[in-house]
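Novice: target.txt is reproduced below (compact mmCIF, C-alpha atoms).
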# COMPACT_ATOMS: atom_id res chain seq x y z
CA MET A 1 -118.31 -139.41 -67.00
CA SER A 2 -115.78 -140.76 -64.49
CA ARG A 3 -117.01 -141.98 -61.14
CA LEU A 4 -116.66 -139.82 -58.01
CA HIS A 5 -115.10 -141.75 -55.12
CA PRO A 6 -114.87 -140.82 -51.45
CA PHE A 7 -111.42 -140.70 -49.88
CA VAL A 8 -112.39 -140.38 -46.25
CA ALA A 9 -108.83 -140.64 -44.91
CA GLY A 10 -107.94 -137.52 -46.90
CA HIS A 11 -111.17 -135.56 -46.25
CA TYR A 12 -111.83 -135.24 -49.98
CA ASP A 13 -113.57 -136.97 -52.88
CA PHE A 14 -111.85 -137.67 -56.18
CA LEU A 15 -112.92 -138.15 -59.75
CA GLU A 16 -111.54 -141.44 -61.02
CA GLY A 17 -108.70 -141.05 -63.48
CA GLY A 18 -105.94 -143.38 -64.58
CA PHE A 19 -102.89 -145.00 -63.01
CA PRO A 20 -100.79 -141.83 -62.50
CA TYR A 21 -103.45 -139.42 -61.15
CA SER A 22 -107.12 -138.70 -60.59
CA ALA A 23 -109.10 -136.29 -62.77
CA GLY A 24 -109.73 -133.94 -59.86
CA VAL A 25 -110.52 -133.59 -56.16
CA ILE A 26 -113.11 -131.75 -54.06
CA ALA A 27 -113.14 -131.18 -50.30
CA ARG A 28 -115.59 -133.25 -48.30
CA ALA A 29 -118.01 -131.64 -45.87
CA GLY A 30 -116.07 -130.28 -42.90
CA ALA A 31 -112.82 -129.65 -44.80
CA HIS A 32 -111.17 -127.14 -47.12
CA LEU A 33 -108.18 -127.36 -49.47
CA GLU A 34 -105.00 -125.29 -49.45
CA ARG A 35 -102.27 -124.90 -52.08
CA VAL A 36 -98.55 -124.31 -51.55
CA ARG A 37 -96.19 -123.25 -54.33
CA LEU A 38 -92.50 -123.92 -53.80
CA LYS A 39 -90.47 -120.75 -54.45
CA THR A 40 -87.57 -123.07 -55.27
CA PRO A 41 -88.83 -126.21 -57.03
CA LEU A 42 -87.48 -129.45 -55.57
CA PRO A 43 -86.56 -132.73 -57.27
CA VAL A 44 -89.36 -135.24 -56.85
CA ALA A 45 -87.81 -137.24 -53.97
CA ALA A 46 -86.86 -134.09 -52.03
CA GLY A 47 -90.25 -132.61 -52.89
CA PHE A 48 -92.06 -135.52 -51.29
CA GLU A 49 -89.90 -135.05 -48.19
CA ALA A 50 -90.77 -131.33 -48.07
CA ILE A 51 -94.48 -132.08 -48.48
CA ALA A 52 -94.35 -134.65 -45.67
CA ALA A 53 -92.58 -132.14 -43.40
CA HIS A 54 -95.13 -129.43 -44.22
CA LEU A 55 -98.06 -131.74 -43.50
CA ARG A 56 -96.49 -132.84 -40.21
CA SER A 57 -95.99 -129.19 -39.23
CA ARG A 58 -99.72 -128.66 -39.72
CA GLY A 59 -100.60 -131.77 -37.76
CA LEU A 60 -101.98 -133.45 -40.88
CA PRO A 61 -101.57 -137.03 -42.13
CA LEU A 62 -99.82 -137.88 -45.40
CA THR A 63 -103.22 -138.86 -46.76
CA ALA A 64 -104.16 -135.15 -46.77
CA LEU A 65 -102.15 -134.70 -50.01
CA CYS A 66 -104.69 -134.25 -52.80
CA ALA A 67 -102.93 -132.60 -55.77
CA ALA A 68 -99.43 -132.21 -57.19
CA GLU A 69 -97.97 -129.87 -59.80
CA LEU A 70 -94.75 -131.07 -61.41
CA ARG A 71 -92.32 -129.61 -63.92
CA SER A 72 -90.17 -131.78 -66.20
CA PRO A 73 -87.15 -130.95 -68.41
CA GLN A 74 -88.82 -131.91 -71.70
CA PRO A 75 -91.79 -133.87 -73.00
CA PHE A 76 -91.61 -137.64 -72.51
CA THR A 77 -92.31 -140.35 -75.03
CA PHE A 78 -95.52 -142.17 -74.19
CA ALA A 79 -93.52 -145.09 -72.76
CA GLY A 80 -91.15 -142.77 -70.91
CA PHE A 81 -94.06 -140.99 -69.24
CA HIS A 82 -95.40 -144.34 -68.02
CA ASP A 83 -91.98 -145.32 -66.65
CA PHE A 84 -91.66 -142.01 -64.76
CA ASN A 85 -95.09 -142.45 -63.24
CA ILE A 86 -94.23 -145.86 -61.76
CA GLY A 87 -91.80 -144.36 -59.23
CA TYR A 88 -94.10 -141.44 -58.46
CA VAL A 89 -97.08 -143.70 -57.76
CA GLU A 90 -94.98 -146.01 -55.56
CA VAL A 91 -94.47 -143.12 -53.13
CA LEU A 92 -98.20 -142.43 -53.06
CA LYS A 93 -98.79 -146.11 -52.30
CA SER A 94 -96.33 -146.00 -49.41
CA TRP A 95 -98.19 -142.97 -48.03
CA GLY A 96 -101.47 -144.91 -47.99
CA LEU A 97 -103.00 -142.85 -50.78
CA VAL A 98 -103.48 -145.50 -53.49
CA ARG A 99 -106.12 -148.02 -52.43
CA ASP A 100 -107.81 -150.78 -54.40
CA GLY A 101 -105.82 -149.65 -57.43
CA LEU A 102 -107.32 -146.15 -57.36
CA ASN A 103 -105.08 -143.07 -57.19
CA PRO A 104 -106.92 -140.11 -55.59
CA VAL A 105 -104.23 -137.46 -56.10
CA ALA A 106 -104.85 -134.98 -58.95
CA ARG A 107 -101.83 -133.79 -60.94
CA SER A 108 -100.35 -131.68 -63.67
CA ASN A 109 -96.86 -132.30 -65.06
CA VAL A 110 -95.66 -129.89 -67.73
CA CYS A 111 -92.40 -128.84 -69.36
CA PRO A 112 -91.22 -125.20 -69.19
CA VAL A 113 -89.95 -123.74 -72.45
CA PHE A 114 -87.69 -121.37 -70.50
CA ASP A 115 -85.65 -122.16 -67.37
CA ALA A 116 -86.54 -125.83 -67.54
CA PRO A 117 -85.37 -127.97 -64.60
CA ARG A 118 -82.63 -130.55 -65.04
CA GLU A 119 -84.89 -133.28 -63.68
CA PRO A 120 -88.59 -133.56 -62.78
CA VAL A 121 -89.44 -131.32 -59.83
CA PHE A 122 -92.34 -130.37 -57.58
CA HIS A 123 -93.71 -126.90 -58.40
CA ALA A 124 -96.72 -126.91 -56.05
CA PHE A 125 -99.03 -129.17 -54.08
CA SER A 126 -102.46 -129.03 -52.44
CA TYR A 127 -103.84 -130.76 -49.37
CA SER A 128 -106.97 -130.98 -47.25
CA VAL A 129 -107.51 -129.42 -43.83
CA PRO A 130 -110.37 -130.34 -41.48
CA ASP A 131 -112.63 -127.30 -41.13
CA ALA A 132 -115.98 -127.45 -39.38
CA ALA A 133 -116.94 -124.12 -40.95
CA ALA A 134 -116.40 -125.29 -44.55
CA GLY A 135 -119.22 -124.49 -46.99
CA ASP A 136 -121.92 -126.55 -48.64
CA ALA A 137 -121.35 -128.93 -51.55
CA GLN A 138 -121.19 -126.38 -54.36
CA GLY A 139 -119.06 -124.03 -52.27
CA ARG A 140 -116.37 -126.58 -51.50
CA ASP A 141 -112.79 -126.15 -52.67
CA TYR A 142 -111.70 -128.22 -55.65
CA VAL A 143 -108.76 -128.85 -57.98
CA VAL A 144 -109.25 -130.13 -61.52
CA ALA A 145 -106.26 -132.10 -62.80
CA GLY A 146 -104.35 -131.05 -65.89
CA SER A 147 -105.55 -132.36 -69.24
CA GLY A 148 -104.22 -132.03 -72.75
CA GLU A 149 -106.01 -132.50 -76.06
CA TRP A 150 -106.01 -136.30 -75.97
CA PRO A 151 -109.14 -138.21 -74.86
CA GLU A 152 -107.54 -140.87 -72.67
CA ASP A 153 -110.02 -143.52 -73.83
CA GLN A 154 -108.65 -143.16 -77.36
CA PRO A 155 -105.48 -144.69 -78.82
CA PHE A 156 -102.33 -142.61 -78.63
CA PRO A 157 -101.24 -140.74 -80.69
CA ALA A 158 -103.99 -141.31 -83.27
CA GLY A 159 -106.67 -140.01 -80.89
CA ILE A 160 -105.04 -136.61 -80.30
CA VAL A 161 -107.50 -133.83 -81.16
CA ALA A 162 -106.32 -132.01 -84.31
CA ARG A 163 -103.08 -133.96 -84.16
CA GLY A 164 -100.19 -131.93 -85.56
CA ASP A 165 -102.50 -129.09 -86.63
CA LEU A 166 -101.32 -125.76 -85.19
CA SER A 167 -103.26 -123.66 -87.67
CA PRO A 168 -105.75 -121.21 -86.11
CA ALA A 169 -108.55 -123.72 -86.71
CA GLY A 170 -106.54 -126.63 -85.33
CA LEU A 171 -105.49 -124.76 -82.19
CA ALA A 172 -109.10 -123.62 -81.64
CA HIS A 173 -110.21 -127.25 -81.85
CA LYS A 174 -107.64 -128.29 -79.26
CA VAL A 175 -108.58 -125.42 -76.93
CA ARG A 176 -112.28 -126.17 -77.21
CA TYR A 177 -111.71 -129.83 -76.32
CA VAL A 178 -109.58 -128.98 -73.27
CA LEU A 179 -112.02 -126.33 -72.02
CA ASP A 180 -114.87 -128.80 -72.38
CA THR A 181 -112.83 -131.34 -70.40
CA MET A 182 -112.20 -128.82 -67.61
CA GLN A 183 -115.91 -128.02 -67.35
CA ALA A 184 -116.91 -131.69 -67.48
CA ARG A 185 -114.49 -132.58 -64.71
CA CYS A 186 -115.70 -129.68 -62.59
CA ALA A 187 -119.28 -130.88 -63.03
CA GLY A 188 -118.23 -134.45 -62.24
CA LEU A 189 -116.74 -133.29 -58.96
CA GLY A 190 -119.92 -131.41 -58.09
CA GLY A 191 -118.00 -128.12 -58.09
CA GLN A 192 -119.27 -124.75 -59.20
CA TRP A 193 -117.58 -123.47 -62.37
CA SER A 194 -118.36 -119.86 -61.49
CA ARG A 195 -116.19 -120.27 -58.37
CA VAL A 196 -112.96 -120.95 -60.30
CA THR A 197 -110.21 -118.87 -58.66
CA ALA A 198 -107.33 -119.81 -60.98
CA ALA A 199 -107.03 -121.18 -64.50
CA GLN A 200 -103.61 -122.15 -65.87
CA VAL A 201 -102.84 -122.65 -69.56
CA TYR A 202 -99.80 -124.68 -70.58
CA THR A 203 -98.69 -124.24 -74.17
CA ALA A 204 -95.86 -122.88 -76.28
CA GLU A 205 -98.38 -121.68 -78.89
CA ASP A 206 -99.85 -118.18 -79.17
CA PHE A 207 -103.53 -118.51 -78.25
CA HIS A 208 -104.24 -114.76 -77.93
CA ALA A 209 -106.79 -114.81 -80.76
CA LEU A 210 -108.93 -117.24 -78.74
CA LEU A 211 -109.13 -115.23 -75.52
CA GLY A 212 -112.48 -113.66 -76.27
CA SER A 213 -114.16 -116.45 -78.20
CA HIS A 214 -113.13 -119.25 -75.86
CA PHE A 215 -111.76 -118.15 -72.49
CA ALA A 216 -113.83 -115.03 -71.83
CA LYS A 217 -116.89 -116.88 -73.09
CA ALA A 218 -116.13 -119.62 -70.54
CA GLY A 219 -115.93 -117.02 -67.76
CA LEU A 220 -112.22 -117.50 -67.09
CA THR A 221 -110.91 -113.97 -67.66
CA PRO A 222 -112.35 -111.91 -64.74
CA GLY A 223 -110.03 -113.55 -62.22
CA GLY A 224 -107.04 -113.50 -64.55
CA LEU A 225 -105.87 -116.30 -66.82
CA THR A 226 -102.32 -117.55 -66.15
CA TRP A 227 -100.25 -118.56 -69.19
CA GLN A 228 -97.44 -120.88 -68.16
CA VAL A 229 -95.16 -121.10 -71.19
CA CYS A 230 -94.85 -124.87 -70.96
CA LYS A 231 -95.44 -127.86 -73.17
CA PRO A 232 -97.63 -130.79 -72.08
CA PRO A 233 -95.68 -133.76 -70.70
CA ILE A 234 -96.02 -136.13 -73.68
CA LEU A 235 -94.61 -135.59 -77.16
CA GLU A 236 -97.17 -134.51 -79.80
CA LEU A 237 -99.48 -132.77 -77.30
CA ASP A 238 -99.63 -128.99 -77.65
CA PHE A 239 -102.18 -127.60 -75.19
CA GLU A 240 -103.06 -128.31 -71.56
CA MET A 241 -104.98 -126.64 -68.75
CA ASP A 242 -105.94 -127.05 -65.13
CA VAL A 243 -108.32 -125.04 -62.94
CA ARG A 244 -108.99 -124.75 -59.23
CA SER A 245 -111.23 -123.07 -56.69
CA LEU A 246 -109.23 -122.36 -53.53
CA ALA A 247 -109.42 -119.56 -51.00
CA ILE A 248 -106.04 -120.22 -49.36
CA GLU A 249 -102.75 -120.31 -51.28
CA GLN A 250 -99.22 -119.57 -50.12
CA VAL A 251 -95.62 -119.63 -51.30
CA LEU A 252 -93.12 -121.73 -49.38
CA LEU A 253 -89.85 -119.83 -49.31
CA PRO A 254 -86.47 -121.64 -49.11
Could you write out this structure as structure tokens?
Specialist:
Amino acid sequence: MSRLHPFVAGHYDFLEGGFPYSAGVIARAGAHLERVRLKTPLPVAAGFEAIAAHLRSRGLPLTALCAAELRSPQPFTFAGFHDFNIGYVEVLKSWGLVRDGLNPVARSNVCPVFDAPREPVFHAFSYSVPDAAAGDAQGRDYVVAGSGEWPEDQPFPAGIVARGDLSPAGLAHKVRYVLDTMQARCAGLGGQWSRVTAAQVYTAEDFHALLGSHFAKAGLTPGGLTWQVCKPPILELDFEMDVRSLAIEQVLLP
């Protein structure tokens, strides 16, 4: 299991991930998290500017940013994904978020099948807000980062779960792995799985046959499961998810 690190400047803890993003974040005592979806997605540079302006309007530091949701035109090659992430992480460094080589900001970055953007854009972001009335450890807000069906400690692409297998059995194997990853990351954060308020599925494949056996069984259907018809960000991946537990969400209109 990844290590949980404190990020005191941001009023949240994060589950250690890789270079581009953490595996998830959870509010520290005395804080809650909020999510903003952009009604009109913004190219990454303009998106960072909009996030900075929003945080300033709330009287919050740039280090309050804790999660990002991106949309890209099409899946990257493995090398192309790394190259894209270099510029993204440089901004986080300039904001004082990346320290001692650790990136605390959770992320998803997926590729819409329909109405895809012309360039990578910000779709949504989350941030921390000091709140003396925030709940106990298990009741704290959290965001679990997106994950596809590739264990990141395994070689790519050979380590992809059920690589290239979109049969019912292959898709079920992929879904089971990703659901297990979501639950493991939630546990690693110290969050409460039963408090999930939103679960997003990113795939171009029809997973309807697995709703009862996998998603309902995992307790993800009472609050509504959101299917974003998107592909994961790297070629050869077919299924991704993220989950969160947030009480406050809003849409930022143009």
Novice: Mind giving me the straight-line distance from CA of Ile248 (chain A) to CA of Ala133 (chain A) in Å, one decimal?
Specialist: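 Between CA of Ile248 (chain A) and CA of Ala133 (chain A) the gap works out to 14.3 Å.
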Novice: Show which residues sit within 10 Å of Gly101 (chain A), as an MDAnalysis selection string. Count all atoms listed in the file, and ignore same-chain residues fewer than 4 positions away.
Specialist: chainID A and resid 18:19 93 97
Novice: Find the residue from A:Ala27, A:Leu246, A:Val251, A:Ala216 that sits nearest to Val196 (chain A); use only C-alpha atoms when measuring.
Specialist: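 Comparing A:Ala27, A:Leu246, A:Val251, A:Ala216 against Val196 (chain A), the winner is A:Leu246.
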Novice: For Met182 (chain A), list every protein, DNA or RNA residue within 8 Å, evaluated using all atoms listed in the file, and leave out those in the same chain fewer than 2 positions away; present the list as a PDB file with C-alpha atoms, in the frame of the given file.
Specialist:
ATOM      1  CA  VAL A 144    -109.250-130.130 -61.520  1.00  0.00           C
ATOM      2  CA  SER A 147    -105.550-132.360 -69.240  1.00  0.00           C
ATOM      3  CA  VAL A 178    -109.580-128.980 -73.270  1.00  0.00           C
ATOM      4  CA  LEU A 179    -112.020-126.330 -72.020  1.00  0.00           C
ATOM      5  CA  ASP A 180    -114.870-128.800 -72.380  1.00  0.00           C
ATOM      6  CA  ALA A 184    -116.910-131.690 -67.480  1.00  0.00           C
ATOM      7  CA  ARG A 185    -114.490-132.580 -64.710  1.00  0.00           C
ATOM      8  CA  CYS A 186    -115.700-129.680 -62.590  1.00  0.00           C
ATOM      9  CA  MET A 241    -104.980-126.640 -68.750  1.00  0.00           C
ATOM     10  CA  ASP A 242    -105.940-127.050 -65.130  1.00  0.00           C
ATOM     11  CA  VAL A 243    -108.320-125.040 -62.940  1.00  0.00           C
TER      12      VAL A 243
END
Novice: Compile the contact shell of Pro130 (chain A) as number ranges by chain: residues with an atom at most 7 Å away, counting all atoms listed in the file, same-chain residues fewer than 6 positions apart removed.
Specialist: A: 30-32
Novice: Mind listing whatever residues come within 9 Å of the point (-89.6, -121.7, -72.4)? Use all atoms listed in the file, file coordinates, and give them as a ChimeraX atom specification.
Specialist: /A:111-116,204,228-231
Novice: Using all atoms listed in the file, can you tell me which of A:Ser94, A:Thr197, A:Asn103, A:Gln74 comes closest to Gly224 (chain A)?
Specialist: A:Thr197
Novice: What gap, in Å, lies between CA of Leu235 (chain A) and CA of Phe207 (chain A)?
Specialist: 19.3 Å
Novice: So the first atom is CA of Ala209 (chain A) and the second is CA of Ser72 (chain A); what is the distance between them in Å, to one decimal place?
Specialist: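 Atom-to-atom, CA of Ala209 (chain A) and CA of Ser72 (chain A) are spaced 27.9 Å apart.
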Novice: Might you pull out every residue within 12 Å of Tyr88 (chain A), with all atoms listed in the file counted and same-chain residues fewer than 6 positions away left off, and present them as number ranges by chain?
Specialist: A: 19-21, 43-45, 47-48, 68, 70, 81-82, 94-95, 97-98, 103, 105, 107, 109, 120-122
Novice: Show me the residues around (-103.6, -119.5, -69.5) - criterion: an atom at most 7 Å away, all atoms listed in the file counted - as a list in words.
Specialist: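 Here the neighbourhood of the point contains Ala199, Gln200, Val201, Tyr202, Leu225, Thr226, Trp227 and Gln228 of chain A.
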Novice: Could N, CA and C atoms be built for region 213-237 of chain A and written out as an mmCIF file, keeping the file's coordinate frame?
Specialist:
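Below is the file that was written, rebuild-v2.cif:
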data_model
loop_
_atom_site.group_PDB
_atom_site.id
_atom_site.type_symbol
_atom_site.label_atom_id
_atom_site.label_comp_id
_atom_site.auth_asym_id
_atom_site.auth_seq_id
_atom_site.Cartn_x
_atom_site.Cartn_y
_atom_site.Cartn_z
ATOM 1 N N SER A 213 -113.204 -115.451 -77.706
ATOM 2 C CA SER A 213 -114.160 -116.450 -78.200
ATOM 3 C C SER A 213 -114.233 -117.700 -77.340
ATOM 4 N N HIS A 214 -113.157 -118.015 -76.626
ATOM 5 C CA HIS A 214 -113.130 -119.250 -75.860
ATOM 6 C C HIS A 214 -113.010 -119.020 -74.348
ATOM 7 N N PHE A 215 -112.006 -118.280 -73.923
ATOM 8 C CA PHE A 215 -111.760 -118.150 -72.490
ATOM 9 C C PHE A 215 -112.693 -117.150 -71.814
ATOM 10 N N ALA A 216 -112.879 -115.978 -72.418
ATOM 11 C CA ALA A 216 -113.830 -115.030 -71.830
ATOM 12 C C ALA A 216 -115.239 -115.612 -71.871
ATOM 13 N N LYS A 217 -115.567 -116.270 -72.966
ATOM 14 C CA LYS A 217 -116.890 -116.880 -73.090
ATOM 15 C C LYS A 217 -117.116 -117.937 -72.012
ATOM 16 N N ALA A 218 -116.036 -118.601 -71.585
ATOM 17 C CA ALA A 218 -116.130 -119.620 -70.540
ATOM 18 C C ALA A 218 -116.080 -119.011 -69.138
ATOM 19 N N GLY A 219 -115.949 -117.680 -69.057
ATOM 20 C CA GLY A 219 -115.930 -117.020 -67.760
ATOM 21 C C GLY A 219 -114.620 -117.096 -67.020
ATOM 22 N N LEU A 220 -113.518 -117.301 -67.749
ATOM 23 C CA LEU A 220 -112.220 -117.500 -67.090
ATOM 24 C C LEU A 220 -111.331 -116.265 -67.065
ATOM 25 N N THR A 221 -111.782 -115.152 -67.632
ATOM 26 C CA THR A 221 -110.910 -113.970 -67.660
ATOM 27 C C THR A 221 -111.086 -113.001 -66.493
ATOM 28 N N PRO A 222 -112.237 -112.903 -65.815
ATOM 29 C CA PRO A 222 -112.350 -111.910 -64.740
ATOM 30 C C PRO A 222 -111.310 -112.077 -63.635
ATOM 31 N N GLY A 223 -110.998 -113.325 -63.284
ATOM 32 C CA GLY A 223 -110.030 -113.550 -62.220
ATOM 33 C C GLY A 223 -108.592 -113.598 -62.705
ATOM 34 N N GLY A 224 -108.386 -113.462 -64.006
ATOM 35 C CA GLY A 224 -107.040 -113.500 -64.550
ATOM 36 C C GLY A 224 -106.658 -114.904 -64.997
ATOM 37 N N LEU A 225 -106.278 -115.030 -66.241
ATOM 38 C CA LEU A 225 -105.870 -116.300 -66.820
ATOM 39 C C LEU A 225 -104.340 -116.357 -66.789
ATOM 40 N N THR A 226 -103.770 -117.424 -66.260
ATOM 41 C CA THR A 226 -102.320 -117.550 -66.150
ATOM 42 C C THR A 226 -101.780 -118.405 -67.296
ATOM 43 N N TRP A 227 -100.906 -117.811 -68.106
ATOM 44 C CA TRP A 227 -100.250 -118.560 -69.190
ATOM 45 C C TRP A 227 -98.883 -118.996 -68.703
ATOM 46 N N GLN A 228 -98.732 -120.290 -68.464
ATOM 47 C CA GLN A 228 -97.440 -120.880 -68.160
ATOM 48 C C GLN A 228 -96.856 -121.337 -69.493
ATOM 49 N N VAL A 229 -95.733 -120.757 -69.885
ATOM 50 C CA VAL A 229 -95.160 -121.100 -71.190
ATOM 51 C C VAL A 229 -94.477 -122.465 -71.053
ATOM 52 N N CYS A 230 -95.278 -123.489 -71.158
ATOM 53 C CA CYS A 230 -94.850 -124.870 -70.960
ATOM 54 C C CYS A 230 -95.494 -125.758 -72.022
ATOM 55 N N LYS A 231 -94.853 -126.854 -72.298
ATOM 56 C CA LYS A 231 -95.440 -127.860 -73.170
ATOM 57 C C LYS A 231 -96.057 -128.961 -72.311
ATOM 58 N N PRO A 232 -97.109 -129.625 -72.795
ATOM 59 C CA PRO A 232 -97.630 -130.790 -72.080
ATOM 60 C C PRO A 232 -96.556 -131.856 -71.935
ATOM 61 N N PRO A 233 -96.770 -132.845 -71.061
ATOM 62 C CA PRO A 233 -95.680 -133.760 -70.700
ATOM 63 C C PRO A 233 -95.375 -134.863 -71.709
ATOM 64 N N ILE A 234 -96.229 -135.046 -72.723
ATOM 65 C CA ILE A 234 -96.020 -136.130 -73.680
ATOM 66 C C ILE A 234 -95.843 -135.549 -75.077
ATOM 67 N N LEU A 235 -94.867 -136.042 -75.794
ATOM 68 C CA LEU A 235 -94.610 -135.590 -77.160
ATOM 69 C C LEU A 235 -95.873 -135.682 -78.018
ATOM 70 N N GLU A 236 -96.061 -134.679 -78.853
ATOM 71 C CA GLU A 236 -97.170 -134.510 -79.800
ATOM 72 C C GLU A 236 -98.359 -133.773 -79.200
ATOM 73 N N LEU A 237 -98.422 -133.594 -77.878
ATOM 74 C CA LEU A 237 -99.480 -132.770 -77.300
ATOM 75 C C LEU A 237 -99.024 -131.324 -77.293
#
